[in-house]
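One structure is given below, encoded as structure tokens.
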Amino acid sequence: MEDHINEARMQKPAATQERNRPMPQGQERLTLVAGGAGFIGSHLCAELLARGEHVVCLDNLQTARPSNLRKLEEHPNFEFIEADIVNPLPREILYRTGRFDRIYNLACAASPPQYQADPEHTMLTCVVGTDNLLRLAEASGARFLLTSTSEVYGDPEVHPQREDYRGWVSCTGPRACYDEGKRAAEAMAFDFARMKRADVRVARIFNTYGPHMHPDDGRVVSNLICQALSGRDVTIYGDGSQTRSFCYVSDMVDGLIRLMESEIDGLEPINLGNPEERTVIELLDSVLATLGRTANVTHLPLPVDDPRRRRPDISRARALLDWQPRMPLAEGLIHTCQWFAEEICGDAQGGLG
Ligand code: UDP
């Protein structure tokens with residue numbers, strides 16, 4: 001019965017017909033990165049290519065920026081496939097069933113305005129999309145890494161958040177499509193692991209920033225930088241005393257790869273994030289100091305269910321992966337502001353005052 005379902009979902013007949021196609025030349029490891037055109041995914045693809053892996057990037061381009069892939073597309077070991085993981089996986093993927101060594105799932109809109117724009121699709125991406133990729137991992141004998149999120153802790157009553165904290169999440173609010181979707185995706189991934197159907201890793205990603213963020217994704221770092229660069233008022237939701245902990249993207253990519261390559265027991269999630277906590281107002285001050293600018297502040301209402309505090313406890317990542325973030329916020333903001341200035345203003349000097 002299970003095999004029957006697998007065959008139907010994986011379209012295995014097509015896959016087996018095409019299974020014997022030659023491997024791309026000169027590659028040892030075949031890695032699928034779902035969501036590889038997105039902010040973190042595009043940096044992950046670049047790093048995996050640099051490490052000699054053959055990377056197949058699957059993305060529906062819903063929230064990604066194709067320009068994130070500009071440099072990667074010239075690489076002989078890089079392939080891009082436009083497809084949505086909610087749908088049956090495309091032939092270009094299925095014919096290599098059995099050949100993938102690693103599958104990273106980063107495919108999902110991740111900023112609140114974007115994941116709330118089509119909440120049904122967000123939930124399906126988390127659940128059906130993750131199921132499609134887990135089945136591919138199972139059929140391939142590939143190791144699978146799910147990028148989950150600090151949102152599984154909801155508006156946390158425990159601070160900082162350790163992995164064994166079960167969270168305070170609303171299943172009826174506007175963030176539920178993402179929070180509960182990722183919780184369901186985790187549940188499914190751990191069931192695959194428990195049943196020995198796939199070798200699974202789960203990362204809980206906390207707020208991450210850096211080049212390749214979408215200027216319109218509505219997140220606090222991109223909003224503040226873009227608003228300040230273009231001379232508009234900066235928007236602070238509520239009084240700005242809520243906190244987040246911001247991790248630079250290169251640190252995050254390092255953590256994801258370490259987790260994927262670790263031999264840890266795959267039945268435990270791992271927090272990845274920067275434990276340095278800032279209020280949103282402190283972040284604004286740092287952004288303005290980096291840009292050498294001032295700005296008028298417009299206060300807008302705090303979004304429904306907006307977490308008041310968020311900071312990861314990364315003891316587990318430190319102990320098991322020997323990982324911790326290295327990029328200080330001040331330096332990470334310089335790189336990020338320079339990138340945004342070039343993207344938005346075409347300013348090669350990086351628009352820094
Ligand atoms: N935020 C803000 N101004 C903005 C965008 C966001 O003050 O222009 C706040 C938001 O309410 C939240 C924090 O910044 O408290 C981080 O928001 P973001 O959307 O970046 O991420 P998330 O809420 O998912 O952590």
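Just remember, in the structure tokens the first chain shown is A, the second B, etc., residues are 1-based per chain, and ligands are 1-based in the order shown.
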
Inset, instruction - Please identify every polymer residue within 6 Å of ligand 1, using only C-alpha atoms and all ligand atoms, and present the set as a list in words. - result: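 Protein and nucleic-acid residues within 6 Å of ligand 1: Ser111, Pro112, Asn207, Gly218, Arg219, Val220, Asn223, Thr235, Ile236, Tyr237, Gly240, Gln242, Val280, Leu302, Pro303 and Asp306 of chain A.
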
Inset, instruction - Tell me which protein, DNA and RNA residues are within 7 Å of region 138-145 of chain A, counting only C-alpha atoms, leaving out same-chain ones fewer than 6 positions away, and put them as a VMD selection string. - result: chain A and resid 97 to 105 197 to 202 260

Inset, instruction - Compile the contact shell of Cys108 (chain A) as a list in words: residues with an atom at most 10 Å away, counting only C-alpha atoms, same-chain residues fewer than 5 positions apart removed. - result: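 Returned residues: Ala34, Gly35, Gly38, Asp59, Asn60, Gln62, Thr63, Ala64, Asp84, Ile85, Gln114, Tyr115, His121, Thr122, Met123, Leu124, Thr125, Cys126, Gly129, Thr130, Thr147, Ser148, Tyr178 and Lys182 of chain A.
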
Inset, instruction - Go ahead and compute the interatomic distance for CA of Arg309 (chain A) and CA of Ser150 (chain A), in Å to one decimal. - result: 11.1 Å

Inset, instruction - Find the residues around Glu53 (chain A) up to 9 Å (only C-alpha atoms counted), leave out those fewer than 6 positions away in its own chain, and share them as number ranges by chain. - result: A: 27-31, 77-78

Restrict the selected residues to C-alpha atoms and save them as a PDB file, in the first residue's frame.
ATOM      1  CA  GLN A  27      30.773  15.617  -9.675  1.00  0.00           C
ATOM      2  CA  GLU A  28      30.927  13.533  -6.546  1.00  0.00           C
ATOM      3  CA  ARG A  29      27.855  14.653  -4.705  1.00  0.00           C
ATOM      4  CA  LEU A  30      24.457  15.582  -6.122  1.00  0.00           C
ATOM      5  CA  THR A  31      22.602  18.074  -3.937  1.00  0.00           C
ATOM      6  CA  ASN A  77      27.864  22.336 -11.705  1.00  0.00           C
ATOM      7  CA  PHE A  78      24.739  24.447 -11.241  1.00  0.00           C
TER       8      PHE A  78
END

Legend entry - Which of region 110-329 of chain A DSSP labels helix (DSSP H, G or I), written as JSON, numbers by chain: {"A": [112, 113, 114, 115, 116, 117, 119, 120, 121, 122, 123, 124, 125, 126, 127, 128, 129, 130, 131, 132, 133, 134, 135, 136, 137, 138, 139, 140, 150, 151, 152, 153, 176, 177, 178, 179, 180, 181, 182, 183, 184, 185, 186, 187, 188, 189, 190, 191, 192, 193, 194, 220, 221, 222, 223, 224, 225, 226, 227, 228, 229, 249, 250, 251, 252, 253, 254, 255, 256, 257, 258, 259, 260, 261, 280, 281, 282, 283, 284, 285, 286, 287, 288, 289, 290, 291, 315, 316, 317, 318, 319, 320, 321, 329]}

Legend entry - Of the listed residues A:Ala176, A:Leu61, A:Leu72, A:Leu106, that which approaches Val33 (chain A) most closely, counting only C-alpha atoms: A:Leu106

Inset, instruction - Could you tell me, as number ranges by chain, which residues of region 130-322 of chain A DSSP assigns to strand (DSSP E) when given the backbone? - result: A: 143-149, 199-205, 208-209, 234-237, 243-245, 247-248, 269-272, 277-279, 297-300

Keeping N, CA and C atoms, export the residues of the selection given above as a short mmCIF file (atom, residue, chain, number, x, y, z; two decimals), in the first residue's frame.
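And here is the file that came out, selection-v5.cif:
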data_model
loop_
_atom_site.label_atom_id
_atom_site.label_comp_id
_atom_site.auth_asym_id
_atom_site.auth_seq_id
_atom_site.Cartn_x
_atom_site.Cartn_y
_atom_site.Cartn_z
N ARG A 143 20.27 12.23 2.40
CA ARG A 143 20.06 12.91 3.68
C ARG A 143 19.24 14.17 3.43
N PHE A 144 18.31 14.44 4.33
CA PHE A 144 17.34 15.53 4.13
C PHE A 144 17.45 16.55 5.25
N LEU A 145 17.54 17.80 4.90
CA LEU A 145 17.55 18.86 5.92
C LEU A 145 16.35 19.78 5.72
N LEU A 146 15.52 19.86 6.76
CA LEU A 146 14.38 20.78 6.75
C LEU A 146 14.79 22.08 7.42
N THR A 147 14.56 23.21 6.76
CA THR A 147 14.73 24.47 7.47
C THR A 147 13.40 24.81 8.12
N SER A 148 13.38 24.62 9.43
CA SER A 148 12.23 25.07 10.22
C SER A 148 12.55 26.48 10.72
N THR A 149 11.90 26.91 11.74
CA THR A 149 11.94 28.33 12.08
C THR A 149 11.75 28.57 13.57
N ASP A 199 17.08 9.85 6.45
CA ASP A 199 18.05 10.40 7.40
C ASP A 199 17.78 11.91 7.43
N VAL A 200 17.35 12.41 8.57
CA VAL A 200 16.77 13.76 8.61
C VAL A 200 17.53 14.67 9.56
N ARG A 201 17.64 15.94 9.18
CA ARG A 201 18.15 16.99 10.06
C ARG A 201 17.12 18.13 10.05
N VAL A 202 16.91 18.75 11.20
CA VAL A 202 15.97 19.88 11.27
C VAL A 202 16.66 21.07 11.92
N ALA A 203 16.75 22.17 11.17
CA ALA A 203 17.31 23.43 11.69
C ALA A 203 16.16 24.39 11.99
N ARG A 204 16.21 25.01 13.15
CA ARG A 204 15.25 26.08 13.45
C ARG A 204 15.98 27.40 13.27
N ILE A 205 15.66 28.06 12.18
CA ILE A 205 16.37 29.28 11.80
C ILE A 205 15.75 30.51 12.48
N THR A 208 17.51 36.16 10.09
CA THR A 208 18.76 36.17 9.33
C THR A 208 18.72 37.35 8.37
N TYR A 209 19.88 37.96 8.14
CA TYR A 209 19.93 39.13 7.26
C TYR A 209 21.20 39.07 6.42
N VAL A 234 11.20 55.91 8.28
CA VAL A 234 11.37 54.49 8.63
C VAL A 234 10.18 54.05 9.46
N THR A 235 9.75 52.80 9.26
CA THR A 235 8.55 52.31 9.95
C THR A 235 8.94 51.43 11.13
N ILE A 236 8.43 51.82 12.30
CA ILE A 236 8.63 51.01 13.50
C ILE A 236 7.24 50.54 13.94
N TYR A 237 7.09 49.25 14.08
CA TYR A 237 5.80 48.70 14.49
C TYR A 237 5.76 48.65 16.02
N THR A 243 12.08 42.52 20.70
CA THR A 243 13.46 42.15 20.36
C THR A 243 13.50 41.03 19.33
N ARG A 244 14.62 41.02 18.61
CA ARG A 244 14.98 39.92 17.72
C ARG A 244 16.49 39.76 17.83
N SER A 245 17.01 38.66 17.30
CA SER A 245 18.45 38.39 17.34
C SER A 245 18.85 38.10 15.89
N CYS A 247 21.16 37.19 12.69
CA CYS A 247 22.30 36.36 12.30
C CYS A 247 22.67 36.67 10.86
N TYR A 248 23.96 36.89 10.61
CA TYR A 248 24.40 37.18 9.24
C TYR A 248 24.33 35.90 8.41
N PRO A 269 15.77 18.71 16.84
CA PRO A 269 15.98 19.94 16.07
C PRO A 269 17.16 20.73 16.64
N ILE A 270 17.73 21.60 15.83
CA ILE A 270 18.86 22.43 16.29
C ILE A 270 18.55 23.89 15.99
N ASN A 271 18.62 24.74 17.01
CA ASN A 271 18.49 26.19 16.78
C ASN A 271 19.72 26.72 16.06
N LEU A 272 19.50 27.52 15.02
CA LEU A 272 20.60 28.25 14.38
C LEU A 272 20.23 29.72 14.37
N GLU A 277 20.82 39.74 21.30
CA GLU A 277 19.45 40.22 21.18
C GLU A 277 19.42 41.75 21.11
N ARG A 278 18.60 42.30 20.22
CA ARG A 278 18.46 43.78 20.10
C ARG A 278 16.98 44.13 20.06
N THR A 279 16.68 45.33 20.56
CA THR A 279 15.33 45.83 20.30
C THR A 279 15.30 46.34 18.86
N VAL A 297 10.79 58.84 12.01
CA VAL A 297 10.21 57.54 12.35
C VAL A 297 8.69 57.63 12.30
N THR A 298 8.06 56.71 11.58
CA THR A 298 6.61 56.55 11.62
C THR A 298 6.29 55.30 12.42
N HIS A 299 5.51 55.46 13.48
CA HIS A 299 5.11 54.28 14.27
C HIS A 299 3.81 53.71 13.71
N LEU A 300 3.82 52.42 13.43
CA LEU A 300 2.63 51.72 12.92
C LEU A 300 2.21 50.68 13.96
#

Inset, instruction - Kindly indicate which residue among A:Asp164, A:Arg308, A:Leu288, A:Met195 lies nearest to Ile334 (chain A), using only C-alpha atoms for the distances. - result: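 That would be A:Leu288, the residue with the smallest distance to Ile334 (chain A).
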
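With distances restricted to only C-alpha atoms, A:Leu320 is the closest residue to Arg258 (chain A) from A:Ala189, A:Leu329, A:Leu320, A:Ala117.
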
Inset, instruction - Figure out the distance between CA of Ser222 (chain A) and CA of Cys171 (chain A), please, to one decimal in Å. - result: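 These two atoms are separated by 27.6 Å.
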
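The spacing separating CA of Gly181 (chain A) from CA of Tyr165 (chain A) amounts to 17.7 Å.
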